[in-house]
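J.: Got a structure for you, written out below as C-alpha cells; questions coming shortly.
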Amino acid sequence: MSAHAPAILPDLPEHGAEDNYLTHGKGILSWVFTLDHKRIGVMYMFGILFGFLVGGIFAVLLRTELLSPQPTFLRNAQASMDFYNHMFTLHGAVMVFMFIIPAIPAILGNFVLPLMLGAKDVAFPRLNLLSLHLYIIGAVFFLYILLSGALHAGFGIQLPGGFGLDTGWTFYTPYSTSKSASGVVPATMGAFIMGFSSILTGVNFIATIHMLRPRGMTWFKMPLFLWGMYATSIIQVLATPVLGITLLLLAVERAFGVGIFDPKLGGDPILYQHFFWFYSHPAVYIMILPAMAIMSELVPVFSRKHIFGYNFIAYSSIAIALFSFFVWGHHMFVSGQSNKANAVFSLLTFSVSIPSAIKVFNWIGTMYKGDIRLKTPMLYALGFILLFTLGGLTGLFLGALATDVHLTDTYFIVAHFHYVMMGSTLFAFLGGMYYWWPKIFGRMFSVKWGNISAVIIFIGFNLTFFVQFIAGSQGMPRRYATYPEKYHIYHVISTIGAYVMAVGLFMVLFNWLHSIWYGRKAAANPWGGNTLEWRTTSPPPHDNFAVAPAAEDPYELGAWQYDPKIDGWIRPDADALAARGRVD
Amino acid sequence: MSTGHTIASAAAGHDAHAHPPFLAHHYDTPEQQFGAGKLGMWIFLATEILMFGGLFCAYAVYRANHPDVFIYAHHYLDRTLGGINTIVLITSSLTMAWGVRCAQLNRTRGLIICLLLTLLGGAGFMGIKTIEYKAKWSHHLGFGQANQYLPGKSAPTDQSPHGAEAASSANTAAATAHPATAIADRPARTTSIEVDPNSGTPDEARIKPPFVQPAGLASRASHDGNHRIQFDDLGPLDRNRVFTFFSVYFVMTGLHGLHVLIGMALITWILVRTLKGHFSSAYNAPVDLVGLYWHLVDLIWIFLFPLLYLIH
C-alpha cells in the first residue's frame with residue numbers, strides 16, 4: 001500500500017526544486033520504517049481506506065441480500081442466511097476496528113496534531129511507528145478471517161481457527177465461546193492487537209499535547225481539534241485495556257474452556273457484556289469526539305468567524321470523555337440487569353446529551369451571521385450538524401427505559417447508530433480529509449465535484465437509514481436475513497440508498513486520486529485558517545516548519561486575505577510573524 | 001531522520017547549544033524529553049492497571065457470588081511459596097530502585113550489580129511460580145480442561161485442599177492416588193479424607209461439621225479457626241464453581257507472570273545498554289522508565305498475593 005505513495009507525485013519541476021516530506025527519502029523502506037508522523041499518517045490512510053472499502057463491500061452485499069423478503073443470494077436458504085450472518089458481522093467488525101476507530105486520530109490526528117502545535121513530530125515517533133505496524137498486524141488477522149471464510153465457502157477448505165465470522169461484531173457469549181464455528185479467536189486477536197495500536201496512539205497524543213505545545217499556546221489557546229484529540233486519547237488509554245483483557249479472556253475461554261464467560265462451565269455471560277460495553281460504549285466516543293474536533297475547525301474557517309463559545313466546546317469534550325465511562329449499561333437494558341442499575345444508567349445516558357448539544361449550539365452560534373463559504377468541507381460540516389442532531393435525538397428514545405424495550409435490537413437502533421457513526425463520523429472524516437487534503441498532498445481537488453459527491457452521499461445516506469427508523473419502530477428486528485412482506489418497501493428503499501451512497505463514495509475517491517495527478521498546486525493556506533499547520537508549505541517539509549511558528553489565537557481569522565492569483569490566503573504581516581517565531 | 005535536524009535547527013536559529021546525541025530532534029531540551037518519556041510511561045502504566053482491573057473485577061464478581069468456593073479452593077495454594085515470592089519480588093524492586101539511583105549518580109558498577117540482582121529476583125520468582133504451577137498440574141488442578149473440578153467431568157477429587165503444600169513437602173503420593181468420583185451427581189462425599197493439613201491429625205480432619213446451608217454460613221464457620229471448609233460443606237451450586245477459582249487464579253497469575261518475563265527482557269536490554277556505556281547522570285531515562293514498569297509488576301503481585309492466597 002505504502003509503496004505507491006512516493007510514486008504518485010508526478011515529477012513536476014516545482015517538486016524537484018523543493019524538498020517536502022513526500023520526497024524526503026526514497027524507496028519503500030524509507031516509508032515502512034519512517035519516524036515521520038506525516039508519512040505514518042499517510043500510510044494509515046491507505047490501510048484505513050482499504051478497511052473502509054472492504055467493510056463497504058460487505059455493506060453493499062448485505063443490503064443486496066435484504067432486497068427480497070426471502071433468501072436472495074443463494075438458492076439454498078440455509079447457506080443464504082449463513083452468508084448473511086457472516087456479512088453483517090464482518091461489516092461491523094471491519095468498520096469498527098479497522099476503519100472508524102482509527103480513522104480520524106490515526107490519519108488526520110497523526111498528520112495534523114504536531115503541525116498544529118508547531119512541533120517537529122509527536123512525542124514518541126518510534127512508538128507511533130509501532131502503532132502503525134500493530135495496526136497492520138491486526139489487519140492481517142482480519143484478512144485471514146476473510147480468506148478462511150472465502151476458502152470455506154468456495155472450496156470447502158478449513159483453515160485452523162474457524163472460517164469467517166458470524167457472531168456479530170460484539171462477540172457475545174456463549175454463542176462465541178461454544179457454538180460458533182467461525183474464526184472467533186483470530187478476530188479477537190486482531191481486535192486485541194489493534195487495541196494496542198489505539199492505546200499507543202493515545203499515549204503518544206497525550207504526551208505530545210502536554211509536552212510539545214509551543215510557547216504562548218496555553219491550554220485554552222489550543223485549537224479545539226487538539227482538545228478533541230486529547231479527550232479521545234483519554235478514552236483510548238482508559239477504555240481500550242479493558243477491551244484487551246476481555247478479548248483475551250474470550251479467546252482463552254474458547255481455546256481452553258476456563259469457565260469465566262461460558263455459563264455451561266459456571267461462567268457469567270452477562271459479565272462479558274459488562275466488560276465489552278465498558279470499552280465499547282466509550283469507544284463510540286472514540287469515534288465521535290474526533291469528528292467533533294474536526295467540526296470545530298471547519299465551522300469557523302468556512303464561516304469566516306471566530307469560534308463561538310470556545311471554553312464550552314473545550315470543556316464539553318472532556319465532559320463527554322468522562323461521562324462516556326458511566327453509561328455502558330444502557331446497552332444491557334434487556335440483558336437481565338437489575339431495575340435499579342437500569343434506572344441509573346438511563347439517567348446518566350441522558351446526561352451525555354448535554355455536552356453534545358452544547359457543541360451543536362456553539363457551531364450554529366459560530367455560523368450565525370457568518371460569511372459562510374460552501375466549499376466541500378463545509379458541506380460535510382453542515383451535513384454533520386443535521387445528521388448528528390437526528391442521530392443524537394433518536395438516541396434519547398433508546399436511553400429511555402420504556403421505549404428502549406420496544407426498540408432494542410430493531411432497525412431503529414441500526415438507524416440510530418448509523419446516523420451517529422456514519423452520518424456524523426464519516427461525514428466529519430470526509431470533511432476533514434477534504435480540508436487537509438491540500439496540506440497532505442499539496443494538490444487541490446475539484447471543489448465542484450467534491451460538492452456534487454457530498455450531496456449524493458447525503459441523499460444516499462438518508463435514503464438508506466431514515467426508512468430504517470420507520471421499519472424499526474414497526475418491529476423489524478436487526479440481524480435477520482429474511483423478513484415479513486410488510487417491511488419489503490423499507491428494505492428496497494434502504495438498499496437503493498446504499499447503492500447511491502456507494503456511487504457517491506467512489507466519486508470522492510476518484511476526485512482525490514484525480515487531484516494527485518492532475519490537481520492544481522495548492523497554496524500554503526487554501527482555506528484561510530489560522531491554525532499553525534497553514535503556516536508551512538503544502539506539502540510540509542520533512543521538519544514541518546522552516547521557522548518555528550509563534551502561536552496566536554487560532555480562530556482570529558481577520559488577518560488573512562484571499563489572493564485569487566494563488567487561490568489561497570495570505571497574511572500581509574507574514575514576515576513580521578516569521579520574525580516573531582524566530583525570536584521565540 | 002536525524003540527519004535533517006541540523007539543517008532545520010540551524011535555519012531556525014536556535015542552534016547556539018548543540019543537541020546532545022541522546023536528544024531526539026523534535027525536543028528542545030533534555031528535560032522536555034525526559035518529562036515526555038516519564039508522562040508517557042505513567043499513562044502506559046495506567047493502561048496496565050486497567051487491563052488487570054478487568055481481571056480484578058472478574059475476581060470480585062465471582063468471589064462475591066461464591067464466597068465459599070474461594071475460601072475452599074484457595075487452600076490449594078501454597079502460602080509459603082507465595083510468601084517467599086512476595087519477598088523476592090519486593091527485594092527486586094528495592095534493587096531496581098537502587099539501580100536507578102546508581103544511574104543518576106553515574107555509578108555504572110553499582111548499576112550493573114543492581115540490574116543483575118533484579119534479574120535474579122525475577123528469575124527466582126518465575127522459578128518458584130513454575131514449581132507451584134507444576135504442583136497444580138500434577139494434582140489435576142490445571143488450567144481449563146486440565147482441572148478436576150471441571151463441571152461434568154469425572155474427577156479424581158479425593159484430595160484435600162493444601163495438596164500443594166503436601167506436594168512441596170514431598171508428600172505427594174497420599175494426596176493424589178485416589179480414584180475418581182464424579183462431582184456432579186453426588187449429594188455428599190463418600191470417601192474419607194486422608195490428609196488434613198489444617199489440623200495436623202487425620203482424626204480431627206474426619207470430624208465433619210454439620211452440613212451448612214445456605215452457602216455463606218460455611219465461610220463463617222471457617223473464621224473461628226476450628227474448622228476449614230471442606231468440599232462437602234459447599235452448597236450444591238458452589239460445587240460446580242470450584243473450577244472457576246482456578247481459572248481466575250491461572251489467568252491472573254499467568255498474565256502477571258508474562259509481565260514479569262517482559263520486565264526481565266527489558267532489564268536485560270537495559271543491562272546490555274549499560275555495558276555499552278549508554279547511561280550517565282545526564283541521560284538515564286530508559287533505566288528510570290523500566291524501573292517504573294518493574295515496580296508496577298511488583299505492585300500487581302502485592303495485590304494478587306493476599307487476594308488469592310490469604311483469603312479468610
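Please note that chains go A, B, ... in the order of the C-alpha cells, that every chain numbers its residues from 1, and that ligands are numbered from 1 in the order shown.
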Counting only C-alpha atoms, what is within 7 Å of Asp121 in chain A, bar same-chain residues fewer than 4 positions away, as a list in words?
T.: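 Within the cut-off, the hits are Asp36, His37, Pro114 and Pro125 of chain A; His26 of chain B.
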J.: Take the residues from that selection and write them out as a short mmCIF file (atom, residue, chain, number, x, y, z; two decimals), in the first residue's frame, keeping N, CA and C atoms.
T.:
data_model
loop_
_atom_site.label_atom_id
_atom_site.label_comp_id
_atom_site.auth_asym_id
_atom_site.auth_seq_id
_atom_site.Cartn_x
_atom_site.Cartn_y
_atom_site.Cartn_z
N ASP A 36 8.58 9.71 10.63
CA ASP A 36 7.92 10.98 10.35
C ASP A 36 6.41 10.81 10.53
N HIS A 37 5.84 11.59 11.42
CA HIS A 37 4.41 11.46 11.70
C HIS A 37 3.57 11.68 10.45
N PRO A 114 0.85 17.34 15.34
CA PRO A 114 2.12 18.03 15.59
C PRO A 114 2.22 19.35 14.82
N PRO A 125 8.10 9.22 18.35
CA PRO A 125 7.96 8.80 16.94
C PRO A 125 8.07 7.29 16.76
N HIS B 26 13.12 16.44 17.82
CA HIS B 26 11.93 17.26 17.99
C HIS B 26 11.80 17.80 19.40
#
J.: Could you produce a table of the residues of chain A lying within 9 Å of chain B, with the nearest pair of atoms per residue and their separation in Å rounded to one decimal, using only C-alpha atoms, ordered by chain and increasing residue number, as JSON lines?
T.:
{"residue": "A:Thr34", "atom": "CA", "partner": "B:Met1", "partner_atom": "CA", "distance": 7.7}
{"residue": "A:Leu35", "atom": "CA", "partner": "B:Met1", "partner_atom": "CA", "distance": 7.0}
{"residue": "A:Asp36", "atom": "CA", "partner": "B:Met1", "partner_atom": "CA", "distance": 7.7}
{"residue": "A:Ala119", "atom": "CA", "partner": "B:His26", "partner_atom": "CA", "distance": 6.9}
{"residue": "A:Lys120", "atom": "CA", "partner": "B:His26", "partner_atom": "CA", "distance": 5.1}
{"residue": "A:Asp121", "atom": "CA", "partner": "B:His26", "partner_atom": "CA", "distance": 5.9}
{"residue": "A:Val122", "atom": "CA", "partner": "B:His26", "partner_atom": "CA", "distance": 8.0}
{"residue": "A:Ala123", "atom": "CA", "partner": "B:Ala36", "partner_atom": "CA", "distance": 6.6}
{"residue": "A:Phe124", "atom": "CA", "partner": "B:Gly37", "partner_atom": "CA", "distance": 8.0}
{"residue": "A:Ile199", "atom": "CA", "partner": "B:Thr47", "partner_atom": "CA", "distance": 7.9}
{"residue": "A:Leu200", "atom": "CA", "partner": "B:Phe44", "partner_atom": "CA", "distance": 8.0}
{"residue": "A:Val203", "atom": "CA", "partner": "B:Gly40", "partner_atom": "CA", "distance": 5.9}
{"residue": "A:Asn204", "atom": "CA", "partner": "B:Gly40", "partner_atom": "CA", "distance": 6.9}
{"residue": "A:Ile206", "atom": "CA", "partner": "B:Gly40", "partner_atom": "CA", "distance": 7.8}
{"residue": "A:Ala207", "atom": "CA", "partner": "B:Gly40", "partner_atom": "CA", "distance": 5.7}
{"residue": "A:Thr208", "atom": "CA", "partner": "B:Ala36", "partner_atom": "CA", "distance": 7.5}
{"residue": "A:His210", "atom": "CA", "partner": "B:Ala36", "partner_atom": "CA", "distance": 7.9}
{"residue": "A:Met211", "atom": "CA", "partner": "B:Ala36", "partner_atom": "CA", "distance": 5.9}
{"residue": "A:Leu212", "atom": "CA", "partner": "B:Tyr27", "partner_atom": "CA", "distance": 7.8}
{"residue": "A:Val237", "atom": "CA", "partner": "B:Thr47", "partner_atom": "CA", "distance": 5.9}
{"residue": "A:Leu238", "atom": "CA", "partner": "B:Thr47", "partner_atom": "CA", "distance": 6.0}
{"residue": "A:Ala239", "atom": "CA", "partner": "B:Leu50", "partner_atom": "CA", "distance": 7.8}
{"residue": "A:Thr240", "atom": "CA", "partner": "B:Thr47", "partner_atom": "CA", "distance": 8.0}
{"residue": "A:Pro241", "atom": "CA", "partner": "B:Met51", "partner_atom": "CA", "distance": 4.6}
{"residue": "A:Val242", "atom": "CA", "partner": "B:Met51", "partner_atom": "CA", "distance": 5.1}
{"residue": "A:Leu243", "atom": "CA", "partner": "B:Met51", "partner_atom": "CA", "distance": 8.1}
{"residue": "A:Gly244", "atom": "CA", "partner": "B:Met51", "partner_atom": "CA", "distance": 6.8}
{"residue": "A:Ile245", "atom": "CA", "partner": "B:Met51", "partner_atom": "CA", "distance": 5.6}
{"residue": "A:Thr246", "atom": "CA", "partner": "B:Gly54", "partner_atom": "CA", "distance": 7.2}
{"residue": "A:Leu249", "atom": "CA", "partner": "B:Val251", "partner_atom": "CA", "distance": 8.1}
{"residue": "A:Val252", "atom": "CA", "partner": "B:Val251", "partner_atom": "CA", "distance": 8.8}
{"residue": "A:Glu253", "atom": "CA", "partner": "B:Gly144", "partner_atom": "CA", "distance": 8.2}
{"residue": "A:Ala255", "atom": "CA", "partner": "B:Gly144", "partner_atom": "CA", "distance": 8.9}
{"residue": "A:Phe256", "atom": "CA", "partner": "B:Gly144", "partner_atom": "CA", "distance": 5.1}
{"residue": "A:Gly257", "atom": "CA", "partner": "B:Gly144", "partner_atom": "CA", "distance": 5.1}
{"residue": "A:Val258", "atom": "CA", "partner": "B:Gly144", "partner_atom": "CA", "distance": 4.4}
{"residue": "A:Gly259", "atom": "CA", "partner": "B:Thr244", "partner_atom": "CA", "distance": 5.9}
{"residue": "A:Ile260", "atom": "CA", "partner": "B:Thr244", "partner_atom": "CA", "distance": 6.7}
{"residue": "A:Lys264", "atom": "CA", "partner": "B:Pro151", "partner_atom": "CA", "distance": 8.0}
{"residue": "A:Leu265", "atom": "CA", "partner": "B:Pro151", "partner_atom": "CA", "distance": 6.0}
{"residue": "A:Gly266", "atom": "CA", "partner": "B:Arg241", "partner_atom": "CA", "distance": 5.8}
{"residue": "A:Gly267", "atom": "CA", "partner": "B:Thr244", "partner_atom": "CA", "distance": 7.5}
{"residue": "A:Asp268", "atom": "CA", "partner": "B:Tyr62", "partner_atom": "CA", "distance": 8.9}
{"residue": "A:Leu271", "atom": "CA", "partner": "B:Ala58", "partner_atom": "CA", "distance": 7.7}
{"residue": "A:Phe275", "atom": "CA", "partner": "B:Gly54", "partner_atom": "CA", "distance": 7.3}
{"residue": "A:His542", "atom": "CA", "partner": "B:Gly4", "partner_atom": "CA", "distance": 7.7}
{"residue": "A:Asp543", "atom": "CA", "partner": "B:Ala8", "partner_atom": "CA", "distance": 6.7}
{"residue": "A:Phe545", "atom": "CA", "partner": "B:Ala8", "partner_atom": "CA", "distance": 8.2}
{"residue": "A:Ala546", "atom": "CA", "partner": "B:Ala8", "partner_atom": "CA", "distance": 6.4}
{"residue": "A:Val547", "atom": "CA", "partner": "B:Ala12", "partner_atom": "CA", "distance": 5.0}
{"residue": "A:Ala548", "atom": "CA", "partner": "B:Ala12", "partner_atom": "CA", "distance": 6.6}
{"residue": "A:Gly581", "atom": "CA", "partner": "B:Ala12", "partner_atom": "CA", "distance": 8.7}
{"residue": "A:Arg582", "atom": "CA", "partner": "B:Ala12", "partner_atom": "CA", "distance": 6.4}
{"residue": "A:Val583", "atom": "CA", "partner": "B:Gly13", "partner_atom": "CA", "distance": 8.8}
J.: Write out the residues from the selection above, keeping N, CA and C atoms, as a compact mmCIF listing (two decimals), in the first residue's frame.
T.:
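Dumped to part_5.txt:
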# COMPACT_ATOMS: atom_id res chain seq x y z
N THR A 34 9.77 4.71 8.51
CA THR A 34 9.91 6.13 8.77
C THR A 34 9.47 6.46 10.19
N LEU A 35 10.04 7.52 10.75
CA LEU A 35 9.57 8.00 12.04
C LEU A 35 8.77 9.29 11.87
N ASP A 36 8.58 9.71 10.63
CA ASP A 36 7.92 10.98 10.35
C ASP A 36 6.41 10.81 10.53
N ALA A 119 5.16 21.71 16.16
CA ALA A 119 6.23 20.80 16.59
C ALA A 119 6.79 20.05 15.39
N LYS A 120 7.92 19.41 15.60
CA LYS A 120 8.53 18.66 14.50
C LYS A 120 7.98 17.26 14.40
N ASP A 121 7.47 16.74 15.49
CA ASP A 121 6.95 15.37 15.45
C ASP A 121 6.11 15.15 16.70
N VAL A 122 5.52 13.95 16.80
CA VAL A 122 4.84 13.58 18.04
C VAL A 122 5.90 13.28 19.10
N ALA A 123 5.47 13.12 20.34
CA ALA A 123 6.44 12.95 21.43
C ALA A 123 7.27 11.69 21.24
N PHE A 124 6.64 10.60 20.78
CA PHE A 124 7.36 9.32 20.66
C PHE A 124 7.22 8.80 19.24
N ILE A 199 -4.18 2.27 21.85
CA ILE A 199 -3.66 2.72 23.15
C ILE A 199 -2.38 3.53 22.94
N LEU A 200 -1.47 3.00 22.12
CA LEU A 200 -0.18 3.66 21.95
C LEU A 200 -0.36 5.01 21.28
N VAL A 203 -1.53 7.33 24.07
CA VAL A 203 -0.42 7.72 24.95
C VAL A 203 0.42 8.80 24.28
N ASN A 204 0.69 8.56 23.02
CA ASN A 204 1.53 9.48 22.26
C ASN A 204 0.91 10.87 22.17
N ILE A 206 -1.40 12.26 24.10
CA ILE A 206 -1.47 12.96 25.40
C ILE A 206 -0.11 13.56 25.73
N ALA A 207 0.93 12.74 25.59
CA ALA A 207 2.27 13.25 25.92
C ALA A 207 2.64 14.40 24.99
N THR A 208 2.27 14.30 23.71
CA THR A 208 2.61 15.36 22.77
C THR A 208 1.94 16.67 23.15
N HIS A 210 0.80 17.55 26.03
CA HIS A 210 1.33 18.09 27.29
C HIS A 210 2.70 18.72 27.10
N MET A 211 3.57 18.06 26.34
CA MET A 211 4.98 18.44 26.38
C MET A 211 5.43 19.29 25.20
N LEU A 212 4.72 19.28 24.10
CA LEU A 212 5.27 19.92 22.91
C LEU A 212 4.47 21.13 22.45
N VAL A 237 -6.91 5.51 26.11
CA VAL A 237 -5.98 5.00 27.10
C VAL A 237 -6.71 4.28 28.23
N LEU A 238 -7.86 4.80 28.64
CA LEU A 238 -8.52 4.23 29.82
C LEU A 238 -9.48 3.10 29.48
N ALA A 239 -10.05 3.08 28.30
CA ALA A 239 -11.06 2.07 27.99
C ALA A 239 -10.48 0.87 27.24
N THR A 240 -9.58 1.12 26.31
CA THR A 240 -9.11 0.04 25.45
C THR A 240 -8.46 -1.12 26.21
N PRO A 241 -7.70 -0.86 27.29
CA PRO A 241 -7.13 -2.02 28.01
C PRO A 241 -8.19 -2.99 28.50
N VAL A 242 -9.36 -2.46 28.85
CA VAL A 242 -10.42 -3.35 29.35
C VAL A 242 -10.92 -4.24 28.21
N LEU A 243 -11.03 -3.66 27.00
CA LEU A 243 -11.38 -4.49 25.85
C LEU A 243 -10.30 -5.54 25.64
N GLY A 244 -9.04 -5.11 25.81
CA GLY A 244 -7.92 -6.04 25.61
C GLY A 244 -8.07 -7.26 26.49
N ILE A 245 -8.30 -7.04 27.79
CA ILE A 245 -8.37 -8.19 28.70
C ILE A 245 -9.64 -8.99 28.41
N THR A 246 -10.71 -8.31 28.00
CA THR A 246 -11.96 -9.02 27.70
C THR A 246 -11.77 -9.96 26.52
N LEU A 249 -9.59 -12.87 27.48
CA LEU A 249 -10.33 -13.87 28.24
C LEU A 249 -11.26 -14.66 27.33
N VAL A 252 -9.17 -17.10 25.44
CA VAL A 252 -8.75 -18.16 26.36
C VAL A 252 -9.93 -19.08 26.67
N GLU A 253 -11.10 -18.46 26.87
CA GLU A 253 -12.30 -19.24 27.15
C GLU A 253 -12.59 -20.20 26.01
N ALA A 255 -10.50 -21.26 23.70
CA ALA A 255 -9.44 -22.24 23.45
C ALA A 255 -9.34 -23.29 24.56
N PHE A 256 -9.49 -22.87 25.82
CA PHE A 256 -9.23 -23.79 26.93
C PHE A 256 -10.47 -24.12 27.75
N GLY A 257 -11.56 -23.33 27.60
CA GLY A 257 -12.73 -23.59 28.41
C GLY A 257 -12.47 -23.32 29.88
N VAL A 258 -12.30 -22.06 30.26
CA VAL A 258 -11.93 -21.75 31.64
C VAL A 258 -13.11 -21.34 32.50
N GLY A 259 -14.31 -21.26 31.92
CA GLY A 259 -15.48 -21.02 32.75
C GLY A 259 -15.59 -19.63 33.33
N ILE A 260 -15.06 -18.63 32.64
CA ILE A 260 -15.25 -17.26 33.13
C ILE A 260 -16.46 -16.62 32.45
N LYS A 264 -22.04 -22.74 30.68
CA LYS A 264 -22.01 -24.19 30.84
C LYS A 264 -20.94 -24.60 31.84
N LEU A 265 -19.89 -23.78 31.92
CA LEU A 265 -18.79 -24.10 32.83
C LEU A 265 -18.85 -23.23 34.08
N GLY A 266 -20.00 -22.63 34.34
CA GLY A 266 -20.10 -21.81 35.55
C GLY A 266 -19.75 -20.37 35.35
N GLY A 267 -19.49 -19.97 34.10
CA GLY A 267 -19.14 -18.57 33.84
C GLY A 267 -20.36 -17.70 33.73
N ASP A 268 -20.11 -16.42 33.58
CA ASP A 268 -21.19 -15.44 33.59
C ASP A 268 -21.19 -14.66 32.28
N LEU A 271 -21.36 -10.91 32.57
CA LEU A 271 -20.08 -10.26 32.89
C LEU A 271 -19.36 -9.89 31.60
N PHE A 275 -18.13 -6.16 30.56
CA PHE A 275 -16.75 -5.85 30.15
C PHE A 275 -16.73 -5.26 28.76
N HIS A 542 10.13 18.09 5.53
CA HIS A 542 10.34 16.97 6.44
C HIS A 542 10.28 17.41 7.91
N ASP A 543 10.83 18.57 8.21
CA ASP A 543 10.85 19.04 9.60
C ASP A 543 9.69 19.97 9.92
N PHE A 545 8.42 22.86 9.78
CA PHE A 545 8.47 24.32 9.67
C PHE A 545 9.92 24.75 9.46
N ALA A 546 10.09 25.67 8.50
CA ALA A 546 11.42 26.25 8.35
C ALA A 546 11.74 27.08 9.58
N VAL A 547 10.73 27.76 10.09
CA VAL A 547 10.89 28.57 11.30
C VAL A 547 9.79 28.14 12.26
N ALA A 548 10.16 27.89 13.51
CA ALA A 548 9.13 27.51 14.48
C ALA A 548 8.11 28.64 14.57
N GLY A 581 8.40 34.25 15.37
CA GLY A 581 8.71 32.85 15.61
C GLY A 581 10.18 32.64 15.87
N ARG A 582 11.01 33.40 15.13
CA ARG A 582 12.45 33.22 15.29
C ARG A 582 12.88 33.66 16.68
N VAL A 583 12.31 34.77 17.14
CA VAL A 583 12.68 35.27 18.46
C VAL A 583 12.25 34.28 19.53
J.: Write out as CSV the residues of range 158-252 of chain A that have any atom within 10 Å of an atom of range 529-536 of chain A, one row each with the nearest atom pair and its distance in Å to one decimal, counting only C-alpha atoms, sorted by chain and then rising number.
T.:
residue,atom,partner,partner_atom,distance
A:Met222,CA,A:Thr531,CA,9.0
A:Pro223,CA,A:Thr531,CA,6.8
A:Leu224,CA,A:Thr531,CA,10.0
A:Phe225,CA,A:Thr531,CA,9.8
J.: What's the 10 Å shell around Val405 in chain A, counting only C-alpha atoms, without same-chain residues fewer than 5 positions away, as a PyMOL selection string?
T.: chain A and resi 333-334+398-400
J.: So which residues touch range 362-374 of chain A within 10 Å, counting only C-alpha atoms, skipping near sequence neighbours fewer than 3 positions away, as a PyMOL selection string?
T.: chain A and resi 292+295-310+312-313+357-359+377-382+385+447+451+527
J.: So how many Å separate CA of Tyr172 in chain A and CA of Phe388 in chain A, to one decimal?
T.: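 CA of Phe388 in chain A lies 28.0 Å from CA of Tyr172 in chain A.
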